[in-house]
>>> print(open('start.txt').read())   # compact mmCIF, C-alpha atoms and all ligand atoms
# COMPACT_ATOMS: atom_id res chain seq x y z
CA MET A 1 -22.23 -10.66 -9.67
CA MET A 2 -19.59 -12.67 -11.58
CA ILE A 3 -16.32 -10.78 -11.96
CA ASN A 4 -14.32 -11.95 -14.98
CA LYS A 5 -12.34 -8.86 -15.96
CA VAL A 6 -10.70 -6.40 -13.60
CA LEU A 7 -8.98 -3.11 -14.36
CA LEU A 8 -6.11 -2.74 -11.87
CA LEU A 9 -4.75 0.82 -11.63
CA GLY A 10 -1.44 0.94 -9.77
CA GLY A 11 -1.07 -2.76 -10.58
CA SER A 12 2.61 -2.37 -11.49
CA GLY A 13 3.47 -1.42 -7.89
CA PHE A 14 4.35 -3.42 -4.80
CA ILE A 15 0.80 -4.25 -3.60
CA GLY A 16 -0.46 -4.42 -7.20
CA ALA A 17 1.84 -7.38 -7.98
CA SER A 18 0.25 -9.47 -5.20
CA VAL A 19 -3.27 -8.43 -6.19
CA ALA A 20 -2.59 -9.29 -9.86
CA GLU A 21 -1.16 -12.67 -8.88
CA GLN A 22 -4.12 -13.56 -6.64
CA LEU A 23 -6.62 -12.49 -9.32
CA SER A 24 -4.72 -14.45 -11.94
CA LYS A 25 -4.82 -17.59 -9.74
CA GLN A 26 -8.62 -17.27 -9.83
CA GLU A 27 -8.42 -17.07 -13.64
CA ILE A 28 -9.73 -13.51 -13.63
CA PHE A 29 -8.54 -11.38 -16.55
CA VAL A 30 -6.64 -8.32 -15.38
CA THR A 31 -5.59 -5.18 -17.25
CA VAL A 32 -2.79 -3.16 -15.66
CA PRO A 33 -2.33 0.31 -17.15
CA THR A 34 1.07 1.88 -16.52
CA ARG A 35 2.96 4.97 -17.65
CA ARG A 36 5.78 2.72 -18.89
CA ARG A 37 5.14 -0.92 -19.79
CA GLU A 38 8.63 -1.81 -18.54
CA ARG A 39 7.45 -1.06 -14.96
CA GLY A 40 5.06 -3.99 -15.17
CA LYS A 41 7.56 -6.50 -16.56
CA HIS A 42 7.35 -8.69 -13.41
CA LEU A 43 3.69 -9.30 -14.37
CA PHE A 44 4.34 -10.42 -17.95
CA LEU A 45 4.42 -14.11 -17.01
CA LEU A 46 1.05 -14.10 -15.24
CA PRO A 47 -1.23 -15.85 -17.75
CA THR A 48 -4.35 -13.69 -17.41
CA VAL A 49 -2.65 -10.33 -16.90
CA ASP A 50 -2.22 -7.74 -19.64
CA VAL A 51 0.08 -4.76 -19.01
CA VAL A 52 -0.75 -1.77 -21.22
CA GLU A 53 0.70 1.72 -21.55
CA ALA A 54 -1.91 4.40 -20.88
CA ASP A 55 -2.43 7.89 -19.50
CA ILE A 56 -5.01 7.28 -16.79
CA PHE A 57 -5.48 11.04 -16.32
CA ASN A 58 -6.75 11.33 -19.89
CA ILE A 59 -10.52 10.96 -19.49
CA ALA A 60 -11.07 9.39 -22.92
CA GLN A 61 -8.35 6.79 -22.26
CA LEU A 62 -9.62 6.16 -18.73
CA GLU A 63 -13.18 5.61 -19.94
CA GLU A 64 -12.00 3.30 -22.72
CA LEU A 65 -10.11 1.22 -20.13
CA VAL A 66 -12.99 1.15 -17.62
CA ARG A 67 -15.62 0.25 -20.25
CA HIS A 68 -14.22 -3.23 -20.91
CA HIS A 69 -14.17 -4.43 -17.29
CA ASP A 70 -16.56 -5.75 -14.61
CA ALA A 71 -14.72 -4.14 -11.70
CA VAL A 72 -11.98 -1.58 -11.07
CA ILE A 73 -9.32 -1.57 -8.35
CA ASN A 74 -7.39 1.65 -7.76
CA LEU A 75 -4.00 1.25 -6.04
CA THR A 76 -2.46 4.40 -7.47
CA GLY A 77 -0.65 6.41 -4.81
CA ILE A 78 2.42 8.47 -3.96
CA LEU A 79 4.31 9.48 -0.80
CA HIS A 80 5.44 12.84 -2.18
CA GLY A 81 4.50 14.96 -5.18
CA ASP A 82 1.16 16.15 -6.52
CA PHE A 83 -1.16 14.55 -3.92
CA GLU A 84 -4.24 16.41 -5.16
CA ARG A 85 -3.87 14.99 -8.67
CA VAL A 86 -3.12 11.38 -7.67
CA HIS A 87 -5.19 10.94 -4.49
CA VAL A 88 -8.18 13.20 -5.22
CA THR A 89 -8.62 13.97 -8.92
CA LEU A 90 -7.88 10.45 -10.15
CA PRO A 91 -10.25 8.54 -7.79
CA LYS A 92 -12.97 11.07 -8.60
CA LEU A 93 -12.47 10.73 -12.38
CA LEU A 94 -12.35 6.97 -11.98
CA ALA A 95 -15.57 6.78 -9.95
CA GLU A 96 -17.28 9.01 -12.53
CA ALA A 97 -15.95 6.86 -15.39
CA CYS A 98 -17.31 3.72 -13.64
CA ALA A 99 -20.73 5.30 -13.08
CA LYS A 100 -20.92 6.59 -16.65
CA ASN A 101 -19.87 3.29 -18.23
CA GLY A 102 -22.00 0.92 -16.17
CA VAL A 103 -19.18 -0.55 -14.07
CA SER A 104 -20.76 -1.11 -10.68
CA ARG A 105 -17.80 -2.22 -8.56
CA LEU A 106 -14.90 0.00 -7.47
CA ILE A 107 -12.26 -0.80 -4.84
CA ASN A 108 -10.28 2.27 -3.81
CA MET A 109 -7.09 2.20 -1.78
CA SER A 110 -6.67 4.97 0.77
CA ALA A 111 -4.62 4.98 3.99
CA LEU A 112 -5.08 4.73 7.74
CA ASN A 113 -5.80 8.17 9.29
CA ALA A 114 -7.13 9.58 6.00
CA ASN A 115 -8.84 12.80 7.09
CA THR A 116 -9.55 16.15 5.43
CA ASP A 117 -8.29 17.77 8.69
CA GLY A 118 -5.25 15.47 9.07
CA PRO A 119 -1.79 16.73 10.08
CA SER A 120 -0.15 16.16 6.65
CA GLU A 121 -1.04 16.91 3.06
CA TYR A 122 -0.77 13.16 2.35
CA LEU A 123 -3.51 12.34 4.89
CA ARG A 124 -5.66 15.35 3.96
CA SER A 125 -5.50 14.40 0.27
CA ARG A 126 -6.50 10.84 1.19
CA GLY A 127 -9.46 12.27 3.13
CA ARG A 128 -10.50 14.47 0.19
CA GLY A 129 -10.09 11.54 -2.22
CA GLU A 130 -12.36 9.33 -0.13
CA ALA A 131 -14.95 12.12 0.12
CA ALA A 132 -14.86 12.66 -3.66
CA VAL A 133 -15.44 8.96 -4.33
CA TRP A 134 -18.31 8.71 -1.82
CA ALA A 135 -19.93 11.80 -3.39
CA VAL A 136 -19.94 10.11 -6.82
CA CYS A 137 -21.21 6.90 -5.21
CA LYS A 138 -24.06 8.75 -3.51
CA ALA A 139 -25.11 10.38 -6.79
CA ASN A 140 -24.94 7.00 -8.57
CA PRO A 141 -26.49 4.35 -6.29
CA LEU A 142 -25.67 1.52 -8.73
CA LEU A 143 -21.97 2.12 -8.12
CA LYS A 144 -20.74 0.08 -5.12
CA VAL A 145 -17.46 1.13 -3.54
CA THR A 146 -15.17 -0.55 -1.02
CA MET A 147 -12.53 1.66 0.61
CA PHE A 148 -9.39 0.24 2.21
CA ARG A 149 -7.21 2.04 4.73
CA PRO A 150 -4.07 0.03 5.46
CA SER A 151 -1.26 0.71 7.93
CA VAL A 152 2.26 0.21 6.56
CA VAL A 153 2.55 -2.89 4.35
CA PHE A 154 5.53 -5.28 4.35
CA GLY A 155 6.56 -7.95 1.86
CA GLU A 156 9.59 -9.21 -0.01
CA HIS A 157 9.58 -6.23 -2.38
CA ASP A 158 8.40 -3.51 0.02
CA ARG A 159 10.11 -0.14 0.28
CA PHE A 160 9.97 0.24 4.04
CA LEU A 161 11.69 -2.81 5.58
CA ASN A 162 14.03 -3.15 2.59
CA MET A 163 15.14 0.46 3.13
CA PHE A 164 15.81 -0.41 6.80
CA ALA A 165 17.74 -3.50 5.67
CA GLY A 166 19.85 -1.28 3.40
CA LEU A 167 20.54 1.14 6.27
CA VAL A 168 21.59 -1.54 8.77
CA LYS A 169 23.82 -3.10 6.14
CA LEU A 170 25.67 0.17 5.51
CA PHE A 171 25.78 2.09 8.80
CA PRO A 172 26.93 1.08 12.32
CA ILE A 173 25.04 4.01 13.87
CA ILE A 174 21.60 5.03 12.59
CA PRO A 175 20.02 8.36 13.52
CA LEU A 176 16.29 7.61 13.36
CA GLY A 177 13.66 10.34 13.00
CA SER A 178 10.23 9.85 14.64
CA PRO A 179 11.48 6.78 16.57
CA ASP A 180 8.29 6.51 18.64
CA ALA A 181 5.89 6.67 15.67
CA ARG A 182 3.54 3.69 15.92
CA PHE A 183 2.50 1.26 13.18
CA GLN A 184 0.61 -2.00 12.80
CA PRO A 185 2.43 -3.46 9.79
CA LEU A 186 0.59 -6.00 7.70
CA TRP A 187 1.64 -8.47 5.04
CA VAL A 188 1.09 -7.61 1.41
CA GLU A 189 -0.54 -11.01 0.77
CA ASP A 190 -3.15 -10.25 3.46
CA VAL A 191 -3.88 -6.86 1.89
CA ALA A 192 -4.23 -8.46 -1.54
CA ARG A 193 -6.52 -11.17 -0.16
CA ALA A 194 -8.77 -8.53 1.45
CA ILE A 195 -9.02 -6.66 -1.86
CA VAL A 196 -9.69 -9.76 -3.95
CA THR A 197 -12.20 -11.20 -1.43
CA SER A 198 -14.13 -7.95 -1.33
CA LEU A 199 -14.85 -8.23 -5.07
CA SER A 200 -17.09 -11.24 -4.47
CA GLN A 201 -18.58 -10.32 -1.07
CA ALA A 202 -21.71 -8.15 -1.30
CA GLU A 203 -21.43 -7.20 2.39
CA THR A 204 -18.25 -5.22 1.60
CA GLU A 205 -20.15 -2.88 -0.73
CA ASN A 206 -20.08 0.76 0.38
CA GLN A 207 -17.89 -0.08 3.37
CA THR A 208 -14.56 1.25 4.61
CA TYR A 209 -12.08 -1.22 6.14
CA ARG A 210 -9.04 -0.44 8.22
CA LEU A 211 -6.37 -3.05 7.55
CA VAL A 212 -3.78 -3.68 10.27
CA GLY A 213 -1.43 -6.44 11.31
CA PRO A 214 -1.70 -8.25 14.66
CA LYS A 215 0.94 -6.22 16.57
CA VAL A 216 1.84 -2.58 17.21
CA TYR A 217 5.51 -1.57 16.76
CA THR A 218 7.31 1.72 17.10
CA LEU A 219 9.52 2.76 14.21
CA ARG A 220 12.55 2.05 16.42
CA GLU A 221 11.25 -1.48 17.12
CA MET A 222 10.80 -2.12 13.41
CA LEU A 223 14.35 -1.01 12.64
CA GLN A 224 15.65 -3.11 15.55
CA PHE A 225 13.66 -6.07 14.22
CA VAL A 226 15.33 -5.74 10.80
CA ALA A 227 18.76 -5.47 12.46
CA ASP A 228 18.02 -8.64 14.47
CA VAL A 229 16.71 -10.58 11.47
CA THR A 230 19.77 -9.67 9.41
CA ALA A 231 22.07 -10.40 12.39
CA ARG A 232 23.58 -6.92 12.61
CA ARG A 233 24.30 -5.13 15.87
CA ARG A 234 23.57 -1.47 15.29
CA LEU A 235 23.28 1.60 17.48
CA ILE A 236 19.92 3.28 16.84
CA VAL A 237 19.88 6.90 17.94
CA GLY A 238 16.32 8.23 18.20
CA LEU A 239 15.94 11.88 17.16
CA GLY A 240 13.59 14.30 18.92
CA PRO A 241 10.86 16.21 17.02
CA THR A 242 13.07 19.15 15.92
CA LEU A 243 15.92 16.98 14.64
CA SER A 244 13.45 14.55 13.01
CA MET A 245 11.99 17.44 11.02
CA LEU A 246 15.46 18.78 10.16
CA GLN A 247 16.55 15.34 8.93
CA ALA A 248 13.37 15.09 6.80
CA ARG A 249 14.02 18.54 5.32
CA VAL A 250 17.50 17.46 4.23
CA PHE A 251 16.38 14.06 2.87
CA GLY A 252 13.39 15.72 1.20
CA LEU A 253 15.82 17.73 -0.94
CA LEU A 254 17.85 14.70 -2.03
CA PRO A 255 17.00 12.47 -5.01
CA GLY A 256 14.71 9.59 -4.01
CA LYS A 257 13.35 11.59 -1.04
CA LEU A 258 13.88 8.92 1.60
CA ILE A 259 11.65 10.93 3.92
CA THR A 260 9.98 14.36 3.72
CA PRO A 261 8.58 16.80 6.32
CA ASP A 262 5.08 15.79 5.17
CA ASN A 263 5.90 12.13 5.95
CA VAL A 264 7.01 13.20 9.46
CA ARG A 265 3.69 15.02 9.94
CA SER A 266 1.81 11.85 8.84
CA MET A 267 3.72 9.86 11.47
CA SER A 268 2.55 12.22 14.25
CA LEU A 269 -0.63 10.09 14.32
CA PRO A 270 -0.36 6.40 15.25
CA SER A 271 -0.93 4.26 12.16
CA THR A 272 -2.86 1.74 14.27
CA SER A 273 -6.43 0.63 14.83
CA ASP A 274 -8.46 -0.44 17.87
CA GLN A 275 -10.18 -3.01 15.60
CA PRO A 276 -8.28 -6.12 14.43
CA PHE A 277 -7.87 -7.19 10.81
CA PRO A 278 -11.46 -7.86 9.58
CA SER A 279 -12.18 -11.60 10.07
CA LEU A 280 -14.13 -11.59 6.80
CA PHE A 281 -10.73 -11.47 5.06
CA GLY A 282 -9.09 -14.19 7.17
CA HIS A 283 -6.12 -13.89 9.48
CA ALA A 284 -3.29 -11.33 9.22
CA ALA A 285 0.28 -12.61 9.59
CA ALA A 286 2.83 -11.07 11.97
CA MET A 287 6.17 -9.72 10.68
CA GLU A 288 8.03 -12.34 12.74
CA ASN A 289 6.36 -15.14 10.78
CA VAL A 290 7.10 -13.78 7.33
CA VAL A 291 10.04 -11.38 7.15
CA PRO A 292 12.89 -13.67 8.37
CA ALA A 293 12.05 -16.08 5.52
CA TYR A 294 13.36 -13.54 3.00
CA LEU A 295 15.39 -10.83 4.80
CA GLY A 296 17.16 -13.34 7.06
CA GLN A 297 18.17 -15.82 4.37
CA GLU A 298 21.45 -14.14 3.44
CA VAL A 299 22.87 -14.29 6.95
CA ALA A 300 24.67 -17.25 8.47
CA GLY A 301 22.19 -19.53 10.26
CA GLY A 302 19.31 -17.81 8.50
CA ARG A 303 16.99 -20.83 8.68
CA ALA A 304 17.62 -21.39 12.39
CA ARG A 305 16.94 -17.69 13.06
CA TYR A 306 13.71 -17.93 11.06
CA ARG A 307 12.57 -20.79 13.32
CA GLN A 308 13.54 -18.75 16.40
CA PHE A 309 11.40 -15.79 15.27
CA ARG A 310 8.48 -18.08 14.45
CA ASP A 311 8.73 -19.76 17.86
CA ALA A 312 8.93 -16.38 19.61
CA ALA A 313 5.83 -15.29 17.69
CA GLY A 314 4.04 -18.43 18.91
CA ARG A 315 3.84 -20.33 15.59
N1 LIG B 401 2.91 0.20 0.71
C1 LIG B 401 2.37 0.66 1.85
O1 LIG B 401 2.93 0.49 2.95
C2 LIG B 401 1.05 1.38 1.81
C3 LIG B 401 0.43 1.74 3.02
C4 LIG B 401 -0.80 2.42 2.97
C5 LIG B 401 -1.39 2.72 1.76
N2 LIG B 401 -0.75 2.35 0.60
C6 LIG B 401 -1.39 2.69 -0.67
O2 LIG B 401 -1.59 1.49 -1.42
C7 LIG B 401 -1.44 1.77 -2.82
C8 LIG B 401 -0.39 0.85 -3.42
O3 LIG B 401 0.83 1.02 -2.70
P1 LIG B 401 2.21 0.44 -3.25
O4 LIG B 401 3.13 0.38 -2.09
O5 LIG B 401 1.94 -0.75 -4.07
O6 LIG B 401 2.67 1.64 -4.20
P2 LIG B 401 3.81 1.65 -5.35
O7 LIG B 401 4.58 0.39 -5.34
O8 LIG B 401 4.55 2.93 -5.18
O9 LIG B 401 2.96 1.69 -6.69
C9 LIG B 401 2.24 2.84 -6.98
C10 LIG B 401 1.52 2.67 -8.29
O10 LIG B 401 0.88 3.92 -8.56
C11 LIG B 401 1.12 4.26 -9.91
N3 LIG B 401 1.34 5.72 -9.97
C12 LIG B 401 2.00 6.49 -9.08
N4 LIG B 401 1.98 7.78 -9.46
C13 LIG B 401 1.29 7.82 -10.61
C14 LIG B 401 0.95 8.86 -11.50
N5 LIG B 401 1.30 10.13 -11.29
N6 LIG B 401 0.26 8.55 -12.62
C15 LIG B 401 -0.08 7.28 -12.85
N7 LIG B 401 0.22 6.24 -12.04
C16 LIG B 401 0.90 6.52 -10.94
C17 LIG B 401 2.35 3.53 -10.37
O11 LIG B 401 2.14 3.18 -11.75
P3 LIG B 401 3.27 3.30 -12.90
O12 LIG B 401 4.49 3.85 -12.26
O13 LIG B 401 3.43 1.92 -13.42
O14 LIG B 401 2.65 4.20 -13.91
C18 LIG B 401 2.39 2.31 -9.47
O15 LIG B 401 1.80 1.21 -10.10
C19 LIG B 401 -1.07 3.25 -2.92
O16 LIG B 401 -2.25 3.98 -3.09
C20 LIG B 401 -0.47 3.54 -1.54
O17 LIG B 401 -0.54 4.91 -1.20
C21 LIG B 401 0.44 1.69 0.60
>>> encode(input="start.txt", output="structure tokens")
Amino acid sequence: MMINKVLLLGGSGFIGASVAEQLSKQEIFVTVPTRRRERGKHLFLLPTVDVVEADIFNIAQLEELVRHHDAVINLTGILHGDFERVHVTLPKLLAEACAKNGVSRLINMSALNANTDGPSEYLRSRGRGEAAVWAVCKANPLLKVTMFRPSVVFGEHDRFLNMFAGLVKLFPIIPLGSPDARFQPLWVEDVARAIVTSLSQAETENQTYRLVGPKVYTLREMLQFVADVTARRRLIVGLGPTLSMLQARVFGLLPGKLITPDNVRSMSLPSTSDQPFPSLFGHAAAMENVVPAYLGQEVAGGRARYRQFRDAAGR
């Protein structure tokens, strides 16, 4: 099936920007609904991308948006707040709107370890959201869904490594909660390529893909990596489970909610996979080959350090 017009929910966000750019390069028309058009201003220059203000929870508006497209990608998500509404109700409404309006292709973003019995409300809501979408899919066999479950995603405009970069810039000693939590970080461009490729590959229909980078890191190793890339010697003090939860309770009360107790519960499961990045979507880049090119540029000798990291990573 030829895909010419894609509705990209969550397109104003970090991963959405890469997806919109890759779709635009293929001259696919993209509509990005957002609560405030200003949030999508970095997309204004992409020639085939239209950023529109809409309430995607309003069924009439959602159906009107869906109706004019060949495929829908849902990247809407939150790390704290009303998980049921964003991770369960919305994907269900969206799948129903697709089925009702003859849109046969839906890509839905979930997360690694999504499970209705998971340890955190985030992961349980992801599990319920997936189940809700598959139920609609089962009742409407013409609707073909692809589900993605990524580990943590890095990129120039990510929240995770940039937050670490901010911390190492400001503090000589960093008390780190959940230091042994495990991740397989992957590059935003690889995630976007998997999503965009799946639109044109029939074998991805009604499949779930775990997306992971090539290496496993603990949270402490990721913070140390950022300190090394930005050439800052820092003392990282790993907190045990009780102090990690206490720290999250305090931060969870502050504006911005750097981390919440629910996030700590999510990290009690390794965000890793025993299967590599699916070869159908190409090769996934390692942090060492990508991150120094942007985080390391400000520091003296940034280019030389970038080469060092690339060499150490075997590139
Ligand atoms: N980044 C990661 O490491 C990572 C890892 C695993 C899974 N994921 C999942 O991948 C997806 C994209 O992640 P991201 O990092 O790009 O997220 P992001 O930068 O935070 O963007 C989230 C998007 O969701 C939309 N959104 C959030 N709450 C909404 C609400 N209540 N109503 C309407 N729209 C809402 C926002 O749209 P507006 O604000 O413009 O309305 C925004 O475009 C999410 O589902 C996320 O959970 C991300």
>>> closest_atom_pairs(input="start.txt", of="chain A", to="ligand LIG 401 (chain B)", cutoff="7 Å", atoms="only C-alpha atoms and all ligand atoms", output="Markdown table")
| residue | atom | partner | partner_atom | distance |
| --- | --- | --- | --- | --- |
| A:Leu9 | CA | B:LIG401 | O15 | 6.7 |
| A:Gly10 | CA | B:LIG401 | O15 | 3.3 |
| A:Gly11 | CA | B:LIG401 | O15 | 4.9 |
| A:Ser12 | CA | B:LIG401 | O15 | 3.9 |
| A:Gly13 | CA | B:LIG401 | O7 | 3.3 |
| A:Phe14 | CA | B:LIG401 | O5 | 3.7 |
| A:Ile15 | CA | B:LIG401 | O5 | 3.7 |
| A:Gly16 | CA | B:LIG401 | O5 | 5.4 |
| A:Thr34 | CA | B:LIG401 | O14 | 3.8 |
| A:Arg35 | CA | B:LIG401 | O14 | 3.8 |
| A:Arg36 | CA | B:LIG401 | O13 | 6.0 |
| A:Arg39 | CA | B:LIG401 | O13 | 5.2 |
| A:Gly40 | CA | B:LIG401 | O13 | 6.4 |
| A:Ile56 | CA | B:LIG401 | C15 | 6.3 |
| A:Leu75 | CA | B:LIG401 | C7 | 4.1 |
| A:Thr76 | CA | B:LIG401 | O10 | 3.5 |
| A:Gly77 | CA | B:LIG401 | O16 | 3.4 |
| A:Ile78 | CA | B:LIG401 | O17 | 5.4 |
| A:Leu79 | CA | B:LIG401 | O17 | 6.7 |
| A:Val86 | CA | B:LIG401 | N5 | 5.8 |
| A:Met109 | CA | B:LIG401 | O16 | 5.3 |
| A:Ser110 | CA | B:LIG401 | C5 | 5.8 |
| A:Ala111 | CA | B:LIG401 | C5 | 4.5 |
| A:Leu112 | CA | B:LIG401 | C4 | 6.8 |
| A:Arg149 | CA | B:LIG401 | C5 | 6.6 |
| A:Pro150 | CA | B:LIG401 | C4 | 4.8 |
| A:Ser151 | CA | B:LIG401 | C4 | 5.3 |
| A:Val152 | CA | B:LIG401 | O1 | 3.7 |
| A:Val153 | CA | B:LIG401 | O1 | 3.7 |
| A:Phe154 | CA | B:LIG401 | O1 | 6.5 |
| A:Asp158 | CA | B:LIG401 | N1 | 6.7 |
>>> atom_distance(input="start.txt", atom1="atom CA of A:Gly296", atom2="atom CA of A:Gly282")
26.3 Å
>>> atom_distance(input="start.txt", atom1="atom CA of A:Ala95", atom2="atom CA of A:Val136")
6.3 Å
>>> atom_distance(input="start.txt", atom1="atom CA of A:Ile259", atom2="atom CA of A:Ala293")
27.1 Å
>>> residues_near_point(input="start.txt", point="(-13.6, 4.8, -15.9)", cutoff="12 Å", atoms="only C-alpha atoms", output="VMD selection string")
chain A and resid 6 to 9 56 to 74 90 to 106 143
>>> closest_atom_pairs(input="start.txt", of="stretch 237-290 of chain A", to="stretch 209-221 of chain A", cutoff="7 Å", atoms="all atoms listed in the file", output="tab-separated table")
residue	atom	partner	partner_atom	distance
A:Thr272	CA	A:Val212	CA	6.8
A:Ser273	CA	A:Val212	CA	6.8
A:Pro276	CA	A:Val212	CA	6.6
A:Phe277	CA	A:Val212	CA	5.4
A:Ala284	CA	A:Gly213	CA	5.6
A:Ala285	CA	A:Gly213	CA	6.6
A:Ala286	CA	A:Pro214	CA	6.0
>>> closest_atom_pairs(input="start.txt", of="stretch 202-291 of chain A", to="stretch 118-132 of chain A", cutoff="8 Å", atoms="only C-alpha atoms", output="CSV")
residue,atom,partner,partner_atom,distance
A:Asp262,CA,A:Ser120,CA,5.4
A:Asn263,CA,A:Ser120,CA,7.3
A:Arg265,CA,A:Ser120,CA,5.2
A:Ser266,CA,A:Ser120,CA,5.2
A:Ser268,CA,A:Pro119,CA,7.5
A:Leu269,CA,A:Pro119,CA,8.0
>>> closest_residue(input="start.txt", among="A:Thr146, A:Gln275, A:Gln224, A:Asn115", to="A:Val168", atoms="all atoms listed in the file")
A:Gln224
>>> closest_residue(input="start.txt", among="A:Leu235, A:Val133, A:Met287, A:Val226", to="A:Asp190", atoms="only C-alpha atoms")
A:Met287
>>> closest_residue(input="start.txt", among="A:Thr230, A:Asn140, A:Thr260, A:His87", to="A:Leu167", atoms="all atoms listed in the file")
A:Thr230
>>> closest_residue(input="start.txt", among="A:Gln247, A:Asn162, A:Ser198, A:Asn108", to="A:Cys137", atoms="only C-alpha atoms")
A:Asn108
>>> decode(input="start.txt", residues="stretch 85-102 of chain A", atoms="N, CA and C atoms", output="PDB file, in the first residue's frame")
ATOM      1  N   ARG A  85      -5.205   7.903  30.867  1.00  0.00           N
ATOM      2  CA  ARG A  85      -5.757   8.713  29.778  1.00  0.00           C
ATOM      3  C   ARG A  85      -4.833   8.690  28.548  1.00  0.00           C
ATOM      4  N   VAL A  86      -3.526   8.900  28.796  1.00  0.00           N
ATOM      5  CA  VAL A  86      -2.587   9.071  27.678  1.00  0.00           C
ATOM      6  C   VAL A  86      -2.146   7.730  27.080  1.00  0.00           C
ATOM      7  N   HIS A  87      -1.918   6.727  27.933  1.00  0.00           N
ATOM      8  CA  HIS A  87      -1.345   5.465  27.431  1.00  0.00           C
ATOM      9  C   HIS A  87      -2.397   4.389  27.125  1.00  0.00           C
ATOM     10  N   VAL A  88      -3.617   4.567  27.648  1.00  0.00           N
ATOM     11  CA  VAL A  88      -4.637   3.527  27.434  1.00  0.00           C
ATOM     12  C   VAL A  88      -5.822   4.082  26.629  1.00  0.00           C
ATOM     13  N   THR A  89      -6.453   5.131  27.171  1.00  0.00           N
ATOM     14  CA  THR A  89      -7.647   5.672  26.501  1.00  0.00           C
ATOM     15  C   THR A  89      -7.314   6.171  25.092  1.00  0.00           C
ATOM     16  N   LEU A  90      -6.245   6.952  24.974  1.00  0.00           N
ATOM     17  CA  LEU A  90      -5.933   7.537  23.665  1.00  0.00           C
ATOM     18  C   LEU A  90      -5.628   6.471  22.590  1.00  0.00           C
ATOM     19  N   PRO A  91      -4.716   5.513  22.857  1.00  0.00           N
ATOM     20  CA  PRO A  91      -4.471   4.496  21.816  1.00  0.00           C
ATOM     21  C   PRO A  91      -5.735   3.729  21.437  1.00  0.00           C
ATOM     22  N   LYS A  92      -6.596   3.488  22.435  1.00  0.00           N
ATOM     23  CA  LYS A  92      -7.843   2.763  22.140  1.00  0.00           C
ATOM     24  C   LYS A  92      -8.735   3.606  21.220  1.00  0.00           C
ATOM     25  N   LEU A  93      -8.935   4.888  21.599  1.00  0.00           N
ATOM     26  CA  LEU A  93      -9.762   5.782  20.770  1.00  0.00           C
ATOM     27  C   LEU A  93      -9.186   5.896  19.363  1.00  0.00           C
ATOM     28  N   LEU A  94      -7.873   5.950  19.316  1.00  0.00           N
ATOM     29  CA  LEU A  94      -7.193   6.118  18.025  1.00  0.00           C
ATOM     30  C   LEU A  94      -7.398   4.879  17.144  1.00  0.00           C
ATOM     31  N   ALA A  95      -7.201   3.700  17.744  1.00  0.00           N
ATOM     32  CA  ALA A  95      -7.383   2.461  16.972  1.00  0.00           C
ATOM     33  C   ALA A  95      -8.835   2.377  16.482  1.00  0.00           C
ATOM     34  N   GLU A  96      -9.775   2.747  17.348  1.00  0.00           N
ATOM     35  CA  GLU A  96     -11.196   2.714  16.945  1.00  0.00           C
ATOM     36  C   GLU A  96     -11.462   3.712  15.819  1.00  0.00           C
ATOM     37  N   ALA A  97     -10.841   4.911  15.935  1.00  0.00           N
ATOM     38  CA  ALA A  97     -11.041   5.937  14.898  1.00  0.00           C
ATOM     39  C   ALA A  97     -10.466   5.446  13.571  1.00  0.00           C
ATOM     40  N   CYS A  98      -9.323   4.755  13.603  1.00  0.00           N
ATOM     41  CA  CYS A  98      -8.722   4.208  12.373  1.00  0.00           C
ATOM     42  C   CYS A  98      -9.677   3.187  11.757  1.00  0.00           C
ATOM     43  N   ALA A  99     -10.138   2.239  12.601  1.00  0.00           N
ATOM     44  CA  ALA A  99     -11.004   1.172  12.088  1.00  0.00           C
ATOM     45  C   ALA A  99     -12.274   1.769  11.482  1.00  0.00           C
ATOM     46  N   LYS A 100     -12.846   2.749  12.183  1.00  0.00           N
ATOM     47  CA  LYS A 100     -14.124   3.329  11.730  1.00  0.00           C
ATOM     48  C   LYS A 100     -13.975   4.128  10.437  1.00  0.00           C
ATOM     49  N   ASN A 101     -12.787   4.720  10.231  1.00  0.00           N
ATOM     50  CA  ASN A 101     -12.615   5.624   9.096  1.00  0.00           C
ATOM     51  C   ASN A 101     -11.771   5.027   7.974  1.00  0.00           C
ATOM     52  N   GLY A 102     -11.604   3.716   8.006  1.00  0.00           N
ATOM     53  CA  GLY A 102     -10.940   3.028   6.895  1.00  0.00           C
ATOM     54  C   GLY A 102      -9.440   3.258   6.811  1.00  0.00           C
TER      55      GLY A 102
END
